[in-house]
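Student: Got a structure here, written out as structure tokens. Questions coming.
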Protein chains: 2
Amino acid sequence: MTFSEENYLKTIYHLTWVSDADISTNAIAEKMETKASSVTDMLKKLSEKDLVNYIKYQGVSLTDKGKLAAKMIVRKHRLWECFLVEKLEFSWDEVHDIAEQLEHIKSEKLINKLDDFLGNPTEDPHGDPIPDANGRIIKVEKQLLSEFEKNQIGICVGVKDTSSDFLKYLDKQEIALGSQIEIIEKESFDSSFRIRVGTKELTVSNKIASNIYIK
Amino acid sequence: MTFSEENYLKTIYHLTWVSDADISTNAIAEKMETKASSVTDMLKKLSEKDLVNYIKYQGVSLTDKGKLAAKMIVRKHRLWECFLVEKLEFSWDEVHDIAEQLEHIKSEKLINKLDDFLGNPTEDPHGDPIPDANGRIIKVEKQLLSEFEKNQIGICVGVKDTSSDFLKYLDKQEIALGSQIEIIEKESFDSSFRIRVGTKELTVSNKIASNIYIK
DNA sequence: TATAATTTTTAGATTTGCCTAAATTTAATT
DNA sequence: AATTAAATTTAGGCAAATCTAAAAATTATA
Ligand SMILES: [Mn+2]
Ligand SMILES: [Mn+2]
Ligand SMILES: [Mn+2]
Ligand SMILES: [Mn+2]
């Protein structure tokens, strides 16, 4: 499987994760920053290889084979992110781009040994679940901070937006995985939140609150 | 720089390491298991980018820029081999193919952090020197076992042939980097050697002896 | 030094992944 | 239901990296 094929599978997998329904050509094109015509070409190829179910004009979904392949790429991506953070002391906002490269390294033995070396983590540095060698995922239920109400308390367990900019913002506010967050006030006018993180109080916009997972 | 360009640079670098003179199109084609016409195409491109000095029909050499680029790829290859052996418990005959992939990962920060994580090793699992971040190499002088004479004693510090088959043979004979090797007898008829490795005695062909470095 | 053998380059194709522009299909609106 | 708008596919092309076959240059040999 080529890098490009792998990237398409991964994208379809991610889009399915949030929406579940069949995925449109345009949705893939937008996420991959490419053209719809290129997507069509690739969907034909992936369909030929039985990695996706594709019907012209009707959208696409992963076959079992394609889903497993996608999960293995996600597994690699997230394990490498763990490695970079835990062993090489990268911060969580620096690892994604490097993992985008590392996820394409082909060696089952390598990834399984890496898994063991890291102590078989179940989540990556952004709180996302890591599929095991068989593709099984422990799905932890978590809510967005924006769905919380006044006086509720929870622990930050993940982020939805994993962009470097957002992660750096969280660093600045000293919000990290494991931080306790308490809703002091919810402003009805703009849906912003007054929250307490540890001992500090701060106000965050609804956009921010919609990208932090709490449990 | 593409993977292919990097592989060509690395190949030219390795060929230069052993012979020093300008490298022929055919030599590159043979080493890379490709066709001479493909090599010509790539040499034009590398020349255009000032990575090689190339004159039609006259062979090729690396420019300073090309040499540094090649060294950085070799640095990555060998550091990853160290990582695989030291941290993930791969054996020395399993790491080359994986390192062939990992050497193309682009991130200076990654490779320098990996270097530190490994304790800044100067040699890879096969006894080959690892260029530092500036491309400097500590060249340790070593001789081939085949050049040794009766009664001489030395330490195995490297291998010339790094093929999996040869490395497995050495494992079987319990010859590893650091092993003490003593020449008991040199057979003039076929230039084979009777040697002592640790407490064991064994006979090795000249071909074997020509692929073990001793100091 | 001619001629033959070898090496190297050029010419022309192929595959992969991508693009633009045009055609087609599906969805949304009068 | 007809028309318009949007999404998707097709057609045709391009660049990178490879190949085969033919041409050209270099090297070896008689
Ligand atoms: Mn990531
Ligand atoms: Mn992640
Ligand atoms: Mn190697
Ligand atoms: Mn090596």
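Quick note on naming: the chains in the structure tokens go A, B, ... in the order shown, residues restart at 1 in each chain, and ligands are numbered from 1 in order of appearance.
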Using only C-alpha atoms (C1' of nucleotides), find which residues of chain A lie within 9 Å of chain C and jot them down as a VMD selection string.

Tutor: chain A and resid 4 34 to 35 37 to 38 41 to 42 57

Student: Need to verify the contact set: A:Ile73, 10 Å, only C-alpha atoms (C1' of nucleotides), exclusion of same-chain residues closer than 2 positions in sequence. Can you return it as a list in words?

Tutor: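 So, after excluding close chain neighbours, the residues are Glu6, Asn7, Leu9, Lys10, Lys67, Leu68, Ala69, Ala70, Lys71, Arg75, Lys76, His77, Arg78, Leu79, Glu100, Leu102, Glu103, His104, Ile105, Lys106 and Pro131 of chain A.
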
Student: Report as a ChimeraX atom specification: the residues of stretch 7-180 of chain B with a DSSP assignment of helix (DSSP H, G or I), based on the backbone of this structure.

Tutor: /B:7-19,25-32,36-48,64-86,95-102,108-117,145-147,164-172

Student: Once DSSP has gone over the backbone, tell me which residues of chain B are in strand (DSSP E), as a PyMOL selection string.

Tutor: chain B and resi 52-54+60-62+143-144+153-159+180-186+193-197+200-204+212-214

Student: With only C-alpha atoms and all ligand atoms counted and 8 Å as the cut-off, give the residues of chain A in contact with ligand 2, each with its shortest interatomic distance in Å and the pair that gives it, as a Markdown table.

Tutor:
```
| residue | atom | partner | partner_atom_place_in_ligand_line | distance |
| --- | --- | --- | --- | --- |
| A:His77 | CA | ligand 2 | 1 (Mn) | 7.3 |
| A:Arg78 | CA | ligand 2 | 1 (Mn) | 5.5 |
| A:Glu81 | CA | ligand 2 | 1 (Mn) | 6.4 |
| A:Val95 | CA | ligand 2 | 1 (Mn) | 7.9 |
| A:His96 | CA | ligand 2 | 1 (Mn) | 6.4 |
| A:Asp124 | CA | ligand 2 | 1 (Mn) | 5.5 |
| A:Pro125 | CA | ligand 2 | 1 (Mn) | 5.9 |
| A:His126 | CA | ligand 2 | 1 (Mn) | 4.9 |
| A:Gly127 | CA | ligand 2 | 1 (Mn) | 7.1 |
| A:Asp128 | CA | ligand 2 | 1 (Mn) | 6.0 |
| A:Thr162 | CA | ligand 2 | 1 (Mn) | 7.0 |
```

Student: Leaving out stretch 173-177 of chain B and any residue of its chain fewer than 2 positions from it, which residues lie within 8 Å of it when counting only C-alpha atoms (C1' of nucleotides), given as a list in words?

Tutor: His126, Gly127, Ile155, Cys156, Val157, Gly158, Tyr169, Leu170, Asp171, Ser179 and Val197 of chain B

Student: Show me, as a VMD selection string, the residues of chain A whose atoms get within 8 Å of chain B, using only C-alpha atoms for the distance check.

Tutor: chain A and resid 87 to 88 98 101 to 102 105 to 107 110 113 to 114 117

Student: Restrict the selected residues to C-alpha atoms and save them as a short mmCIF file (atom, residue, chain, number, x, y, z; two decimals), in the first residue's frame.

Tutor:
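As written to disk, result19.cif reads:
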```cif
data_model
loop_
_atom_site.label_atom_id
_atom_site.label_comp_id
_atom_site.auth_asym_id
_atom_site.auth_seq_id
_atom_site.Cartn_x
_atom_site.Cartn_y
_atom_site.Cartn_z
CA LYS A 87 10.69 9.16 25.45
CA LEU A 88 12.03 12.06 23.42
CA ILE A 98 6.33 13.85 12.59
CA GLN A 101 5.53 10.52 8.48
CA LEU A 102 6.23 7.72 10.95
CA ILE A 105 6.76 2.85 8.26
CA LYS A 106 6.03 -0.75 7.39
CA SER A 107 6.90 -3.35 10.01
CA LEU A 110 8.44 -2.70 14.91
CA LYS A 113 7.81 -3.81 19.96
CA LEU A 114 7.29 -0.08 20.20
CA PHE A 117 8.46 -0.44 24.94
#
```

Student: Rounded to one decimal, what separation in Å do you get between atom CA of B:Leu145 and atom CA of B:Arg194?

Tutor: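 About the pair atom CA of B:Leu145 and atom CA of B:Arg194: they are 11.3 Å apart.
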
Student: Write down, as a PyMOL selection string, each residue of chain D that has any atom within 10 Å of an atom of chain B, counting only C-alpha atoms (C1' of nucleotides).

Tutor: chain D and resi 16-20+25-26

Student: May I ask for the distance between atom CA of A:Glu33 and atom CA of A:Pro129, given in Å to one decimal place?

Tutor: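 So the two atoms, atom CA of A:Glu33 and atom CA of A:Pro129, lie 25.2 Å apart.
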
Student: Mind checking which residues fall within 10 Å of A:Leu46, counting only C-alpha atoms (C1' of nucleotides), ignoring those fewer than 3 positions away in the same chain, and posting them as a CSV table (one decimal) with N, CA, C and O atoms, in the first residue's frame?

Tutor:
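In the end it all went to around-v1.csv:
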```csv
chain,number,residue,atom,x,y,z
A,1,MET,N,0.8,-1.2,0.0
A,1,MET,CA,0.0,0.0,0.0
A,1,MET,C,0.9,1.3,0.0
A,1,MET,O,1.8,1.4,0.8
A,5,GLU,N,-2.4,6.0,-0.7
A,5,GLU,CA,-3.6,5.1,-0.3
A,5,GLU,C,-3.8,5.1,1.2
A,5,GLU,O,-4.9,5.2,1.6
A,6,GLU,N,-2.7,5.0,1.9
A,6,GLU,CA,-2.9,5.0,3.4
A,6,GLU,C,-3.5,6.2,3.9
A,6,GLU,O,-4.4,6.2,4.8
A,8,TYR,N,-5.5,8.2,2.3
A,8,TYR,CA,-7.0,8.3,2.0
A,8,TYR,C,-7.8,7.4,3.0
A,8,TYR,O,-8.8,7.8,3.5
A,9,LEU,N,-7.3,6.2,3.2
A,9,LEU,CA,-8.0,5.3,4.2
A,9,LEU,C,-8.1,5.9,5.5
A,9,LEU,O,-9.2,5.9,6.1
A,40,THR,N,-11.8,11.0,-6.6
A,40,THR,CA,-12.5,10.0,-7.4
A,40,THR,C,-11.6,8.9,-7.9
A,40,THR,O,-11.8,7.7,-7.8
A,41,ASP,N,-10.5,9.4,-8.5
A,41,ASP,CA,-9.4,8.5,-9.0
A,41,ASP,C,-9.0,7.5,-7.9
A,41,ASP,O,-9.0,6.3,-8.2
A,42,MET,N,-8.7,8.0,-6.7
A,42,MET,CA,-8.2,7.1,-5.7
A,42,MET,C,-9.3,6.2,-5.2
A,42,MET,O,-9.0,5.0,-4.9
A,43,LEU,N,-10.6,6.6,-5.1
A,43,LEU,CA,-11.6,5.8,-4.6
A,43,LEU,C,-11.8,4.6,-5.6
A,43,LEU,O,-12.1,3.5,-5.1
A,49,LYS,N,-9.3,-2.6,-4.9
A,49,LYS,CA,-8.5,-3.4,-3.9
A,49,LYS,C,-9.3,-3.9,-2.7
A,49,LYS,O,-8.8,-4.4,-1.7
A,50,ASP,N,-10.6,-3.7,-2.8
A,50,ASP,CA,-11.6,-4.1,-1.8
A,50,ASP,C,-11.3,-3.5,-0.4
A,50,ASP,O,-11.5,-4.1,0.6
A,51,LEU,N,-10.8,-2.2,-0.5
A,51,LEU,CA,-10.6,-1.5,0.8
A,51,LEU,C,-11.7,-0.6,1.1
A,51,LEU,O,-11.9,-0.2,2.3
A,52,VAL,N,-12.5,-0.2,0.1
A,52,VAL,CA,-13.7,0.6,0.3
A,52,VAL,C,-14.9,0.1,-0.5
A,52,VAL,O,-14.7,-0.6,-1.5
A,53,ASN,N,-16.1,0.4,0.0
A,53,ASN,CA,-17.3,0.2,-0.8
A,53,ASN,C,-17.6,1.5,-1.4
A,53,ASN,O,-17.9,2.5,-0.8
A,54,TYR,N,-17.6,1.5,-2.7
A,54,TYR,CA,-17.7,2.8,-3.5
A,54,TYR,C,-18.7,2.6,-4.6
A,54,TYR,O,-18.6,1.7,-5.4
A,62,LEU,N,-15.7,2.3,4.4
A,62,LEU,CA,-14.6,1.3,4.5
A,62,LEU,C,-15.1,-0.1,4.5
A,62,LEU,O,-16.1,-0.4,5.2
A,66,GLY,N,-10.5,-2.6,4.8
A,66,GLY,CA,-10.1,-1.2,4.8
A,66,GLY,C,-10.1,-0.6,6.2
A,66,GLY,O,-9.2,0.2,6.5
```
